[in-house]
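Text of structure24.txt, listed as compact mmCIF, C-alpha atoms:
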```txt
# COMPACT_ATOMS: atom_id res chain seq x y z
CA MET A 21 -43.12 -103.02 110.46
CA ASN A 22 -44.50 -106.38 109.52
CA PRO A 23 -46.74 -105.89 106.47
CA SER A 24 -49.29 -108.27 107.92
CA THR A 25 -49.64 -106.13 111.04
CA LYS A 26 -52.96 -104.27 111.27
CA ALA A 27 -52.65 -103.27 114.90
CA ALA A 28 -50.38 -104.16 117.70
CA THR A 29 -51.15 -103.95 121.37
CA GLY A 30 -49.90 -105.85 124.34
CA ARG A 31 -46.83 -106.20 126.49
CA PRO A 32 -43.65 -104.78 125.00
CA THR A 33 -40.58 -106.99 124.82
CA ARG A 34 -37.02 -105.85 124.19
CA SER A 35 -35.63 -107.02 120.87
CA GLY A 36 -32.04 -106.25 119.89
CA ARG A 37 -29.87 -103.38 121.00
CA ARG A 38 -32.36 -100.74 120.08
CA GLY A 39 -36.13 -100.62 119.76
CA THR A 40 -39.06 -102.46 121.25
CA THR A 41 -41.17 -105.17 119.67
CA LEU A 42 -44.85 -105.16 120.56
CA ARG A 43 -46.55 -108.55 120.15
CA ALA A 44 -50.18 -109.61 120.25
CA GLY A 45 -51.08 -113.10 119.08
CA GLY A 46 -49.41 -113.68 115.71
CA LEU A 47 -48.94 -109.97 115.04
CA SER A 48 -45.87 -107.92 115.86
CA VAL A 49 -44.61 -104.41 115.28
CA ARG A 50 -41.16 -103.02 116.03
CA VAL A 51 -41.01 -99.55 117.57
CA ASP A 52 -37.90 -97.39 117.80
CA PRO A 53 -38.35 -94.97 120.75
CA ARG A 54 -36.02 -92.36 119.25
CA GLY A 55 -37.85 -92.58 115.92
CA VAL A 56 -41.21 -92.17 117.66
CA LEU A 57 -39.88 -89.16 119.59
CA VAL A 58 -38.49 -87.56 116.43
CA GLY A 59 -41.78 -88.18 114.62
CA ALA A 60 -43.77 -86.63 117.47
CA VAL A 61 -41.49 -83.58 117.59
CA LEU A 62 -41.72 -83.09 113.82
CA ALA A 63 -45.52 -83.44 113.87
CA GLY A 64 -45.69 -80.88 116.70
CA ALA A 65 -43.36 -78.56 114.78
CA ALA A 66 -45.50 -78.86 111.66
CA PHE A 67 -48.66 -77.99 113.62
CA ALA A 68 -46.99 -75.09 115.47
CA MET A 69 -45.54 -73.67 112.25
CA SER A 70 -48.92 -74.03 110.56
CA VAL A 71 -50.59 -72.01 113.34
CA VAL A 72 -47.91 -69.31 113.07
CA LEU A 73 -48.24 -69.20 109.28
CA ILE A 74 -52.03 -68.95 109.42
CA GLY A 75 -51.92 -66.26 112.09
CA THR A 76 -49.50 -63.90 110.32
CA GLY A 77 -50.35 -61.56 107.49
CA ASP A 78 -51.97 -58.22 106.84
CA TYR A 79 -54.50 -59.14 109.55
CA ASP A 80 -52.61 -60.83 112.39
CA ILE A 81 -54.47 -63.37 114.52
CA PRO A 82 -53.09 -64.62 117.88
CA PRO A 83 -52.16 -68.33 117.91
CA LEU A 84 -54.85 -69.26 120.45
CA ASP A 85 -57.51 -67.60 118.30
CA VAL A 86 -56.19 -69.48 115.26
CA VAL A 87 -56.51 -72.81 117.08
CA ARG A 88 -59.97 -71.91 118.38
CA THR A 89 -61.09 -70.92 114.88
CA LEU A 90 -59.73 -74.14 113.38
CA PHE A 91 -61.90 -76.10 115.82
CA GLY A 92 -65.07 -74.15 115.04
CA GLY A 93 -64.77 -71.08 117.30
CA GLY A 94 -63.69 -67.56 116.47
CA THR A 95 -65.52 -64.61 114.95
CA VAL A 96 -67.01 -64.54 111.47
CA ALA A 97 -64.04 -62.49 110.20
CA GLN A 98 -61.53 -64.88 111.76
CA ASP A 99 -63.38 -67.88 110.31
CA PHE A 100 -63.21 -66.38 106.82
CA ILE A 101 -59.52 -65.43 107.07
CA VAL A 102 -58.40 -68.68 108.68
CA ASN A 103 -60.54 -71.32 106.97
CA GLU A 104 -61.11 -69.76 103.57
CA LEU A 105 -58.02 -67.65 102.87
CA ARG A 106 -55.00 -69.07 104.71
CA LEU A 107 -55.74 -72.68 105.70
CA PRO A 108 -55.83 -74.04 102.09
CA ARG A 109 -52.38 -72.61 101.37
CA VAL A 110 -50.95 -74.17 104.53
CA LEU A 111 -52.57 -77.53 103.78
CA VAL A 112 -51.15 -77.52 100.25
CA GLY A 113 -47.72 -76.73 101.73
CA LEU A 114 -47.97 -79.56 104.27
CA LEU A 115 -49.16 -82.12 101.72
CA VAL A 116 -46.66 -81.10 99.04
CA GLY A 117 -43.79 -81.18 101.54
CA ALA A 118 -44.85 -84.57 102.90
CA ALA A 119 -45.27 -86.02 99.40
CA LEU A 120 -41.84 -84.79 98.29
CA GLY A 121 -40.13 -85.96 101.49
CA LEU A 122 -41.69 -89.41 101.19
CA ALA A 123 -40.89 -89.71 97.47
CA GLY A 124 -37.30 -88.67 98.16
CA ALA A 125 -36.91 -91.30 100.88
CA VAL A 126 -38.26 -94.01 98.56
CA PHE A 127 -35.97 -93.12 95.68
CA GLN A 128 -32.86 -92.65 97.84
CA SER A 129 -33.45 -96.09 99.33
CA LEU A 130 -34.15 -97.72 95.96
CA THR A 131 -31.01 -96.26 94.40
CA ARG A 132 -28.97 -96.50 97.63
CA ASN A 133 -27.67 -93.06 96.73
CA PRO A 134 -28.27 -89.77 98.65
CA LEU A 135 -28.47 -87.95 95.28
CA GLY A 136 -31.15 -90.29 93.97
CA SER A 137 -34.06 -87.94 94.64
CA PRO A 138 -36.86 -87.25 92.13
CA ASP A 139 -35.83 -83.66 91.40
CA VAL A 140 -32.23 -84.67 90.64
CA ILE A 141 -33.13 -87.58 88.35
CA GLY A 142 -35.58 -85.67 86.19
CA PHE A 143 -39.12 -86.22 87.44
CA GLY A 144 -39.54 -82.59 88.47
CA GLN A 145 -38.33 -81.48 85.04
CA GLY A 146 -40.73 -83.98 83.46
CA SER A 147 -43.66 -82.47 85.33
CA ALA A 148 -42.47 -79.00 84.30
CA ALA A 149 -42.28 -80.11 80.66
CA GLY A 150 -45.86 -81.40 80.81
CA ALA A 151 -47.13 -78.19 82.40
CA LEU A 152 -45.20 -75.94 79.99
CA THR A 153 -46.56 -77.88 77.02
CA VAL A 154 -50.10 -77.18 78.22
CA ILE A 155 -49.37 -73.50 78.94
CA VAL A 156 -47.38 -72.65 75.81
CA LEU A 157 -48.77 -74.95 73.12
CA LEU A 158 -52.32 -75.65 74.28
CA ASP A 159 -53.12 -72.46 76.24
CA GLY A 160 -54.74 -74.58 78.95
CA GLY A 161 -56.25 -73.46 82.23
CA THR A 162 -55.21 -74.27 85.79
CA THR A 163 -56.76 -77.74 85.84
CA ALA A 164 -55.25 -78.64 82.48
CA VAL A 165 -51.82 -77.48 83.68
CA SER A 166 -52.10 -79.75 86.74
CA VAL A 167 -53.09 -82.71 84.56
CA GLY A 168 -50.19 -81.92 82.22
CA ALA A 169 -47.77 -81.89 85.15
CA VAL A 170 -48.95 -85.31 86.34
CA VAL A 171 -48.81 -86.79 82.83
CA GLY A 172 -45.36 -85.29 82.21
CA GLY A 173 -43.97 -86.64 85.48
CA LEU A 174 -45.50 -90.08 84.93
CA PHE A 175 -44.25 -90.31 81.34
CA THR A 176 -40.75 -89.27 82.44
CA GLY A 177 -40.74 -91.88 85.20
CA LEU A 178 -41.74 -94.66 82.82
CA ALA A 179 -39.19 -93.53 80.22
CA VAL A 180 -36.37 -93.47 82.79
CA TYR A 181 -37.42 -96.90 84.07
CA VAL A 182 -37.41 -98.41 80.55
CA LEU A 183 -34.09 -96.79 79.58
CA ALA A 184 -32.45 -97.92 82.84
CA TRP A 185 -33.73 -101.50 82.46
CA ARG A 186 -31.06 -104.06 81.62
CA ARG A 187 -32.15 -107.41 82.96
CA GLY A 188 -33.20 -105.48 86.03
CA ILE A 189 -32.75 -101.99 87.47
CA HIS A 190 -29.46 -100.95 89.08
CA GLY A 191 -29.53 -97.87 91.31
CA TYR A 192 -26.39 -96.30 89.88
CA ARG A 193 -27.66 -96.75 86.30
CA LEU A 194 -31.06 -95.32 87.25
CA VAL A 195 -29.44 -92.17 88.67
CA LEU A 196 -27.26 -91.68 85.56
CA VAL A 197 -30.18 -92.17 83.17
CA GLY A 198 -32.31 -89.84 85.30
CA ILE A 199 -29.67 -87.09 85.30
CA GLY A 200 -29.41 -87.40 81.52
CA ALA A 201 -33.19 -87.17 81.17
CA SER A 202 -33.23 -84.15 83.49
CA SER A 203 -30.67 -82.34 81.31
CA MET A 204 -32.62 -83.06 78.13
CA LEU A 205 -35.91 -81.97 79.67
CA PHE A 206 -34.28 -78.79 80.99
CA ALA A 207 -33.32 -77.93 77.41
CA VAL A 208 -36.85 -78.74 76.18
CA ASN A 209 -38.35 -76.51 78.87
CA GLY A 210 -36.01 -73.67 77.88
CA TYR A 211 -37.05 -74.06 74.24
CA LEU A 212 -40.74 -73.97 75.17
CA LEU A 213 -40.18 -70.75 77.10
CA THR A 214 -38.54 -69.11 74.07
CA LYS A 215 -41.59 -70.00 71.94
CA ALA A 216 -44.10 -68.65 74.48
CA LYS A 217 -46.00 -65.40 74.14
CA MET A 218 -45.15 -62.74 76.71
CA LEU A 219 -48.16 -63.44 78.94
CA ASP A 220 -47.72 -67.21 78.72
CA ALA A 221 -43.98 -66.90 79.43
CA ALA A 222 -44.64 -64.94 82.63
CA ARG A 223 -47.22 -67.51 83.72
CA ALA A 224 -44.89 -70.38 82.87
CA LEU A 225 -41.94 -68.86 84.74
CA THR A 226 -44.08 -68.41 87.86
CA TRP A 227 -45.16 -72.05 87.69
CA VAL A 228 -41.64 -73.40 87.03
CA THR A 229 -40.20 -71.47 90.00
CA GLY A 230 -42.61 -73.19 92.38
CA SER A 231 -45.01 -71.20 94.54
CA LEU A 232 -47.85 -71.56 97.05
CA ASN A 233 -49.33 -68.15 96.26
CA GLY A 234 -53.05 -68.20 95.58
CA ARG A 235 -53.52 -71.87 96.48
CA ASP A 236 -57.07 -72.63 97.60
CA TRP A 237 -59.34 -75.61 98.20
CA ASP A 238 -59.31 -76.46 94.46
CA GLN A 239 -55.69 -77.57 94.90
CA VAL A 240 -56.19 -79.13 98.35
CA TRP A 241 -58.75 -81.82 97.51
CA PRO A 242 -57.03 -83.49 94.52
CA LEU A 243 -53.71 -83.46 96.37
CA LEU A 244 -55.33 -84.85 99.53
CA VAL A 245 -56.91 -87.70 97.57
CA SER A 246 -53.59 -88.50 95.87
CA CYS A 247 -51.74 -88.57 99.19
CA ALA A 248 -54.48 -90.64 100.86
CA VAL A 249 -54.13 -93.29 98.14
CA LEU A 250 -50.37 -93.25 97.49
CA MET A 251 -48.83 -92.74 100.94
CA PRO A 252 -50.30 -95.94 102.47
CA VAL A 253 -48.88 -97.89 99.52
CA ALA A 254 -45.40 -96.51 100.22
CA PHE A 255 -45.67 -97.23 103.96
CA TRP A 256 -46.98 -100.77 103.27
CA TYR A 257 -43.85 -101.52 101.23
CA GLY A 258 -41.53 -100.02 103.87
CA ARG A 259 -40.26 -103.37 105.12
CA PRO A 260 -39.43 -104.81 101.66
CA LEU A 261 -37.78 -101.48 100.81
CA ARG A 262 -35.57 -101.79 103.89
CA MET A 263 -34.55 -105.29 102.81
CA MET A 264 -33.74 -104.04 99.30
CA GLU A 265 -31.24 -101.58 100.80
CA MET A 266 -29.12 -104.66 101.57
CA GLY A 267 -28.98 -105.50 97.86
CA ASP A 268 -31.22 -107.30 95.39
CA ASP A 269 -29.73 -110.73 96.05
CA SER A 270 -30.20 -110.47 99.82
CA ALA A 271 -33.75 -109.16 99.43
CA HIS A 272 -34.61 -111.93 96.99
CA ALA A 273 -33.19 -114.53 99.39
CA LEU A 274 -35.47 -113.10 102.11
CA GLY A 275 -38.53 -113.60 99.92
CA VAL A 276 -38.96 -110.11 98.47
CA PRO A 277 -40.21 -109.98 94.83
CA VAL A 278 -37.56 -107.41 93.95
CA GLU A 279 -38.58 -106.15 90.52
CA ARG A 280 -42.29 -105.99 91.30
CA THR A 281 -41.62 -104.17 94.58
CA ARG A 282 -39.25 -101.74 92.87
CA PHE A 283 -41.77 -100.98 90.10
CA VAL A 284 -44.63 -100.38 92.55
CA LEU A 285 -42.49 -98.13 94.75
CA MET A 286 -41.11 -96.18 91.78
CA LEU A 287 -44.60 -95.67 90.37
CA THR A 288 -45.87 -94.53 93.77
CA ALA A 289 -43.00 -92.09 94.27
CA VAL A 290 -43.30 -90.70 90.73
CA LEU A 291 -47.03 -90.08 91.19
CA LEU A 292 -46.40 -88.41 94.57
CA THR A 293 -43.83 -86.12 92.95
CA ALA A 294 -46.08 -85.35 89.99
CA SER A 295 -49.08 -84.64 92.25
CA ALA A 296 -46.97 -82.26 94.34
CA ALA A 297 -45.70 -80.52 91.20
CA ALA A 298 -49.26 -80.21 89.88
CA ALA A 299 -50.27 -78.37 93.06
CA ALA A 300 -47.27 -76.10 93.64
CA GLY A 301 -44.82 -76.43 90.76
CA PRO A 302 -41.51 -78.33 90.74
CA LEU A 303 -40.13 -77.29 94.15
CA ALA A 304 -36.43 -78.02 94.34
CA PHE A 305 -34.42 -79.91 96.96
CA ILE A 306 -37.19 -80.81 99.46
CA SER A 307 -37.12 -84.44 98.33
CA LEU A 308 -33.32 -84.40 98.43
CA VAL A 309 -32.83 -82.79 101.83
CA ALA A 310 -35.74 -84.05 103.96
CA PRO A 311 -34.80 -87.78 104.03
CA GLN A 312 -31.18 -87.00 104.89
CA ILE A 313 -32.09 -84.72 107.79
CA ALA A 314 -34.67 -87.23 109.04
CA ARG A 315 -32.12 -90.05 108.92
CA ARG A 316 -29.63 -88.01 110.95
CA LEU A 317 -32.27 -87.12 113.54
CA THR A 318 -33.54 -90.68 114.03
CA ARG A 319 -30.03 -92.22 113.70
CA ALA A 320 -31.83 -95.29 112.41
CA PRO A 321 -31.02 -97.35 109.30
CA GLY A 322 -33.64 -97.93 106.65
CA PRO A 323 -35.74 -95.56 104.57
CA ASN A 324 -37.28 -93.62 107.53
CA LEU A 325 -40.41 -93.01 105.49
CA LEU A 326 -42.67 -91.32 108.07
CA PRO A 327 -39.97 -89.01 109.55
CA SER A 328 -38.97 -88.03 106.00
CA ALA A 329 -42.54 -87.10 105.12
CA LEU A 330 -42.93 -85.06 108.31
CA MET A 331 -39.57 -83.37 107.77
CA GLY A 332 -40.59 -82.43 104.21
CA ALA A 333 -43.79 -80.84 105.53
CA VAL A 334 -41.91 -78.87 108.21
CA LEU A 335 -39.25 -77.68 105.76
CA LEU A 336 -41.72 -76.47 103.16
CA ILE A 337 -44.09 -74.52 105.39
CA THR A 338 -41.13 -73.02 107.28
CA ALA A 339 -39.64 -71.96 103.95
CA ASP A 340 -43.03 -70.53 102.93
CA TRP A 341 -43.23 -68.50 106.15
CA ALA A 342 -39.69 -67.17 105.59
CA ALA A 343 -40.46 -66.38 101.93
CA GLN A 344 -43.43 -64.27 103.06
CA ARG A 345 -41.94 -62.57 106.14
CA ALA A 346 -38.13 -62.52 106.04
CA PHE A 347 -37.70 -60.08 103.15
CA GLY A 348 -39.83 -57.13 104.21
CA ALA A 349 -42.44 -56.06 101.69
CA ASP A 350 -41.00 -58.36 99.01
CA GLN A 351 -42.54 -61.81 99.04
CA LEU A 352 -40.55 -64.51 97.26
CA PRO A 353 -41.95 -67.65 95.65
CA VAL A 354 -41.22 -70.47 98.06
CA GLY A 355 -39.35 -72.32 95.30
CA VAL A 356 -36.61 -69.67 95.42
CA LEU A 357 -36.03 -70.28 99.12
CA THR A 358 -36.06 -74.08 98.85
CA GLY A 359 -33.44 -73.74 96.11
CA VAL A 360 -31.25 -71.65 98.43
CA LEU A 361 -31.68 -74.17 101.26
CA GLY A 362 -30.77 -76.99 98.91
CA GLY A 363 -27.61 -75.20 97.80
CA VAL A 364 -26.56 -74.66 101.43
CA TYR A 365 -27.22 -78.32 102.14
CA LEU A 366 -25.11 -79.48 99.19
CA LEU A 367 -22.22 -77.24 100.35
CA TRP A 368 -22.51 -78.67 103.86
CA LEU A 369 -22.60 -82.22 102.46
CA LEU A 370 -19.53 -81.51 100.33
CA ALA A 371 -17.60 -80.14 103.34
CA THR A 372 -18.65 -83.10 105.51
CA GLU A 373 -17.64 -85.68 102.94
CA ARG A 374 -14.31 -83.91 102.38
CA ARG A 375 -13.53 -83.85 106.11
CA ALA A 376 -14.34 -87.55 106.25
CA GLY A 377 -11.87 -88.19 103.42
CA ARG A 378 -14.48 -89.72 101.11
CA ILE A 379 -13.95 -87.16 98.33
```
Structure encoded using structure tokens:
Amino acid sequence: MNPSTKAATGRPTRSGRRGTTLRAGGLSVRVDPRGVLVGAVLAGAAFAMSVVLIGTGDYDIPPLDVVRTLFGGGTVAQDFIVNELRLPRVLVGLLVGAALGLAGAVFQSLTRNPLGSPDVIGFGQGSAAGALTVIVLLDGGTTAVSVGAVVGGLFTGLAVYVLAWRRGIHGYRLVLVGIGASSMLFAVNGYLLTKAKMLDAARALTWVTGSLNGRDWDQVWPLLVSCAVLMPVAFWYGRPLRMMEMGDDSAHALGVPVERTRFVLMLTAVLLTASAAAAAGPLAFISLVAPQIARRLTRAPGPNLLPSALMGAVLLITADWAAQRAFGADQLPVGVLTGVLGGVYLLWLLATERRAGRI
């Protein structure tokens, strides 16, 4: 989309083999029908899965009653269960999934590498290190742990950026430095756990695994504000990001301020990842898997930012529903299930690449 576009209405004109360009005066916006369809289906799936997740539990509520309660109807009991007990958890799941999916799409495009997602190159471990420091060394409360996660993720992002800088940032070098930082932070986190008291160790392990249990409106509002500020920044830079996928020289020739754009996008994606980790812990593989699935569904080049965000939201709340309902009386932290899904995805990716003769 043209960054100068604020709105686009008017008569559509065909442009290129695929997609439609809408023009009005000096403004234009390019629309890919398949991408729009995929986005609409994913948004519908996220809403439907949210209704199912809200309606299931010890006190089941039919889907129509859930929808009616969300829009102000329903009994007093349904209003309490839906809006006070279950809706905050679902909203945290949707926002965390969308933030991770969007951050993954940004980093995979910047590095031009499908493994260049925030959890692989250390930002999740950085957030975990910040949170564990607060839990183990400072005995902080929930709010302090969230602040520690954001600070840890941000500090890790800046450190990786500085270490990877060599007259500019190269995607391959950024991934290598990030993997090295992730390994070091993993060791630091293990050391912090060995120094923790028994109660703090149990609390820290629960946080590091990643969970949506017990999430309420106290987690929703800070995460909603972060997403409302950071996501528009990422979408605004979508067109320069697409140009940068062609290489720095090509993007520079097209008028993109490469290093400034890369820094802004990296900072935005790091803060999205850290905000998500502060709300639900360092959930694995959502930022790695969501952009790749979205790209295959849209069959469109480029970062696919919005479909990736929607796919992340669908994946996380579906995983949360399965973690609560697919194992009988035992409820798993959602981070366990996202880790399993990520492992299956990596095996599938390995088999696909091997059949294609690329490895």
Could you give me, as CSV, every segment 200-274 of chain A residue with an atom at most 10 Å from segment 135-157 of chain A, plus its closest atom pair and distance in Å to one decimal, counting only C-alpha atoms, rows ordered by chain then number?
```
residue,atom,partner,partner_atom,distance
A:Gly200,CA,A:Ile141,CA,7.8
A:Ala201,CA,A:Gly142,CA,5.8
A:Ser202,CA,A:Gly142,CA,3.9
A:Ser203,CA,A:Gly142,CA,7.7
A:Met204,CA,A:Gly142,CA,9.0
A:Leu205,CA,A:Gln145,CA,5.9
A:Phe206,CA,A:Gln145,CA,6.3
A:Ala207,CA,A:Ala149,CA,9.8
A:Val208,CA,A:Ala149,CA,7.2
A:Asn209,CA,A:Ala149,CA,5.6
A:Gly210,CA,A:Ala149,CA,9.4
A:Leu212,CA,A:Val156,CA,6.8
A:Leu213,CA,A:Val156,CA,7.6
A:Thr214,CA,A:Val156,CA,9.7
A:Lys215,CA,A:Val156,CA,7.5
A:Ala216,CA,A:Val156,CA,5.3
A:Lys217,CA,A:Val156,CA,7.6
A:Leu219,CA,A:Val156,CA,9.8
A:Asp220,CA,A:Val156,CA,6.2
A:Ala221,CA,A:Val156,CA,7.6
A:Arg223,CA,A:Ile155,CA,8.0
A:Ala224,CA,A:Leu152,CA,6.3
A:Leu225,CA,A:Leu152,CA,9.1
A:Trp227,CA,A:Ala148,CA,8.2
A:Val228,CA,A:Ala148,CA,6.3
A:Thr229,CA,A:Ala148,CA,9.7
A:Gly230,CA,A:Ala148,CA,10.0
```
Could you pull the residues within 8 Å of segment 262-274 of chain A, counting all atoms listed in the file, minus those fewer than 2 positions along the same chain, as a PyMOL selection string? chain A and resi 129-130+132+258-260+276-278+322-323
Just the number, please: distance in Å from atom CA of Val290 of chain A to atom CA of Val171 of chain A, one decimal.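 Distance reported for this atom pair: 10.4 Å.
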May I ask for the distance between atom CA of Trp241 of chain A and atom CA of Leu120 of chain A, given in Å to one decimal place?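 Taking atom CA of Trp241 of chain A and atom CA of Leu120 of chain A, their separation equals 17.2 Å.
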Closest contacts (segment 84-135 of chain A/segment 299-308 of chain A, max 10 Å, all atoms listed in the file) as a Markdown table:
```
| residue | atom | partner | partner_atom | distance |
| --- | --- | --- | --- | --- |
| A:Arg109 | CA | A:Ala300 | CA | 9.9 |
| A:Val112 | CA | A:Ala299 | CA | 7.3 |
| A:Gly113 | CA | A:Ala300 | CA | 8.1 |
| A:Leu115 | CA | A:Ala299 | CA | 9.5 |
| A:Val116 | CA | A:Ala300 | CA | 7.4 |
| A:Gly117 | CA | A:Ile306 | CA | 6.9 |
| A:Ala118 | CA | A:Ser307 | CA | 9.0 |
| A:Ala119 | CA | A:Ser307 | CA | 8.4 |
| A:Leu120 | CA | A:Ser307 | CA | 4.7 |
| A:Gly121 | CA | A:Ser307 | CA | 4.6 |
| A:Leu122 | CA | A:Ser307 | CA | 7.3 |
| A:Ala123 | CA | A:Ser307 | CA | 6.5 |
| A:Gly124 | CA | A:Ser307 | CA | 4.2 |
| A:Ala125 | CA | A:Ser307 | CA | 7.3 |
| A:Val126 | CA | A:Ser307 | CA | 9.6 |
| A:Phe127 | CA | A:Ser307 | CA | 9.1 |
| A:Gln128 | CA | A:Leu308 | CA | 8.3 |
| A:Pro134 | CA | A:Leu308 | CA | 7.4 |
| A:Leu135 | CA | A:Leu308 | CA | 6.8 |
```
Considering all atoms listed in the file, can you say which of A:Val110, A:Leu261, A:Ala97, A:Val253 comes closest to Ile74 of chain A? A:Val110
Determine, counting all atoms listed in the file, which protein, DNA and RNA residues have an atom within 12 Å of an atom of Tyr79 of chain A; residues of the same chain fewer than 6 positions away are not included. Present the result as a list in words.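 Within the cut-off, the hits are Leu73, Val86, Ala97, Gln98, Phe100, Ile101, Val102, Leu105 and Arg106 of chain A.
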Please report, as JSON, the centre and edge lengths in Å to one decimal of an axis-aligned box covering all listed atoms of segment 70-81 of chain A with 4 Å per side.
```
{"center_x": -51.2, "center_y": -66.1, "center_z": 110.7, "size_x": 14.6, "size_y": 23.8, "size_z": 15.7}
```
Using all atoms listed in the file: which of A:Val309, A:Met69, A:Leu292, A:Leu285 has the shortest distance to Ala342 of chain A: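 Among the listed residues, A:Met69 lies closest to Ala342 of chain A.
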For atom CA of Val167 of chain A and atom CA of Val240 of chain A, quote the distance in Å rounded to one decimal.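 Atom-to-atom, atom CA of Val167 of chain A and atom CA of Val240 of chain A are spaced 14.6 Å apart.
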Neighbour list for Val354 of chain A as a list in words, cut-off 9 Å, all atoms listed in the file, skip fewer than 5 positions in-chain: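 The residues satisfying every condition are Thr229, Gly230, Ser231, Leu232, Asn233, Leu303, Leu336, Ile337, Ala339, Asp340, Trp341, Ala342, Ala343, Gln344 and Gly359 of chain A.
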Glu279 of chain A environment, 8 Å, only C-alpha atoms, sequence neighbours closer than 4 positions dropped, as a ChimeraX atom specification: /A:188-189,283
Do a neighbour search on Leu174 of chain A at 7 Å with only C-alpha atoms, toss out local chain neighbours closer than 3 positions, and write the hits as a count of residues only. 7
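Proximity to Ala65 of chain A was assessed for A:Met218, A:Val360, A:Leu330, A:Leu317 counting only C-alpha atoms; the smallest distance is recorded for A:Leu330.
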Distance cut-off 6 Å, centre (-43.5, -80.5, 107.2) in file coordinates, counting all atoms listed in the file: which residues qualify? Return them as a short mmCIF file (atom, residue, chain, number, x, y, z; two decimals) with C-alpha atoms, in the coordinates of the input.
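Result went into selection.cif, see below:
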```cif
data_model
loop_
_atom_site.label_atom_id
_atom_site.label_comp_id
_atom_site.auth_asym_id
_atom_site.auth_seq_id
_atom_site.Cartn_x
_atom_site.Cartn_y
_atom_site.Cartn_z
CA ALA A 66 -45.50 -78.86 111.66
CA LEU A 114 -47.97 -79.56 104.27
CA GLY A 117 -43.79 -81.18 101.54
CA LEU A 330 -42.93 -85.06 108.31
CA MET A 331 -39.57 -83.37 107.77
CA GLY A 332 -40.59 -82.43 104.21
CA ALA A 333 -43.79 -80.84 105.53
CA VAL A 334 -41.91 -78.87 108.21
CA LEU A 335 -39.25 -77.68 105.76
CA LEU A 336 -41.72 -76.47 103.16
#
```
Residue rebuild result segment 83-87 of chain A, all heavy atoms as an mmCIF file, in the frame of the given file:
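Contents of selection_0.cif, as written:
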```cif
data_model
loop_
_atom_site.group_PDB
_atom_site.id
_atom_site.type_symbol
_atom_site.label_atom_id
_atom_site.label_comp_id
_atom_site.auth_asym_id
_atom_site.auth_seq_id
_atom_site.Cartn_x
_atom_site.Cartn_y
_atom_site.Cartn_z
ATOM 1 N N PRO A 83 -52.145 -66.875 118.085
ATOM 2 C CA PRO A 83 -52.160 -68.330 117.910
ATOM 3 C C PRO A 83 -53.350 -69.028 118.566
ATOM 4 O O PRO A 83 -53.936 -69.947 117.975
ATOM 5 C CB PRO A 83 -50.836 -68.774 118.542
ATOM 6 C CG PRO A 83 -49.945 -67.584 118.394
ATOM 7 C CD PRO A 83 -50.838 -66.396 118.551
ATOM 8 N N LEU A 84 -53.714 -68.611 119.795
ATOM 9 C CA LEU A 84 -54.850 -69.260 120.450
ATOM 10 C C LEU A 84 -56.141 -69.044 119.688
ATOM 11 O O LEU A 84 -56.999 -69.950 119.604
ATOM 12 C CB LEU A 84 -54.982 -68.739 121.890
ATOM 13 C CG LEU A 84 -53.887 -69.184 122.865
ATOM 14 C CD1 LEU A 84 -54.110 -68.574 124.258
ATOM 15 C CD2 LEU A 84 -53.855 -70.711 122.966
ATOM 16 N N ASP A 85 -56.312 -67.859 119.106
ATOM 17 C CA ASP A 85 -57.510 -67.600 118.300
ATOM 18 C C ASP A 85 -57.495 -68.431 117.017
ATOM 19 O O ASP A 85 -58.555 -68.865 116.535
ATOM 20 C CB ASP A 85 -57.592 -66.116 117.958
ATOM 21 C CG ASP A 85 -57.960 -65.274 119.166
ATOM 22 O OD1 ASP A 85 -58.403 -65.858 120.174
ATOM 23 O OD2 ASP A 85 -57.792 -64.037 119.104
ATOM 24 N N VAL A 86 -56.285 -68.638 116.455
ATOM 25 C CA VAL A 86 -56.190 -69.480 115.260
ATOM 26 C C VAL A 86 -56.639 -70.909 115.579
ATOM 27 O O VAL A 86 -57.439 -71.508 114.842
ATOM 28 C CB VAL A 86 -54.735 -69.502 114.725
ATOM 29 C CG1 VAL A 86 -54.587 -70.553 113.621
ATOM 30 C CG2 VAL A 86 -54.348 -68.132 114.208
ATOM 31 N N VAL A 87 -56.131 -71.445 116.701
ATOM 32 C CA VAL A 87 -56.510 -72.810 117.080
ATOM 33 C C VAL A 87 -58.001 -72.901 117.353
ATOM 34 O O VAL A 87 -58.676 -73.849 116.918
ATOM 35 C CB VAL A 87 -55.687 -73.251 118.317
ATOM 36 C CG1 VAL A 87 -56.155 -74.625 118.799
ATOM 37 C CG2 VAL A 87 -54.196 -73.294 117.983
#
```
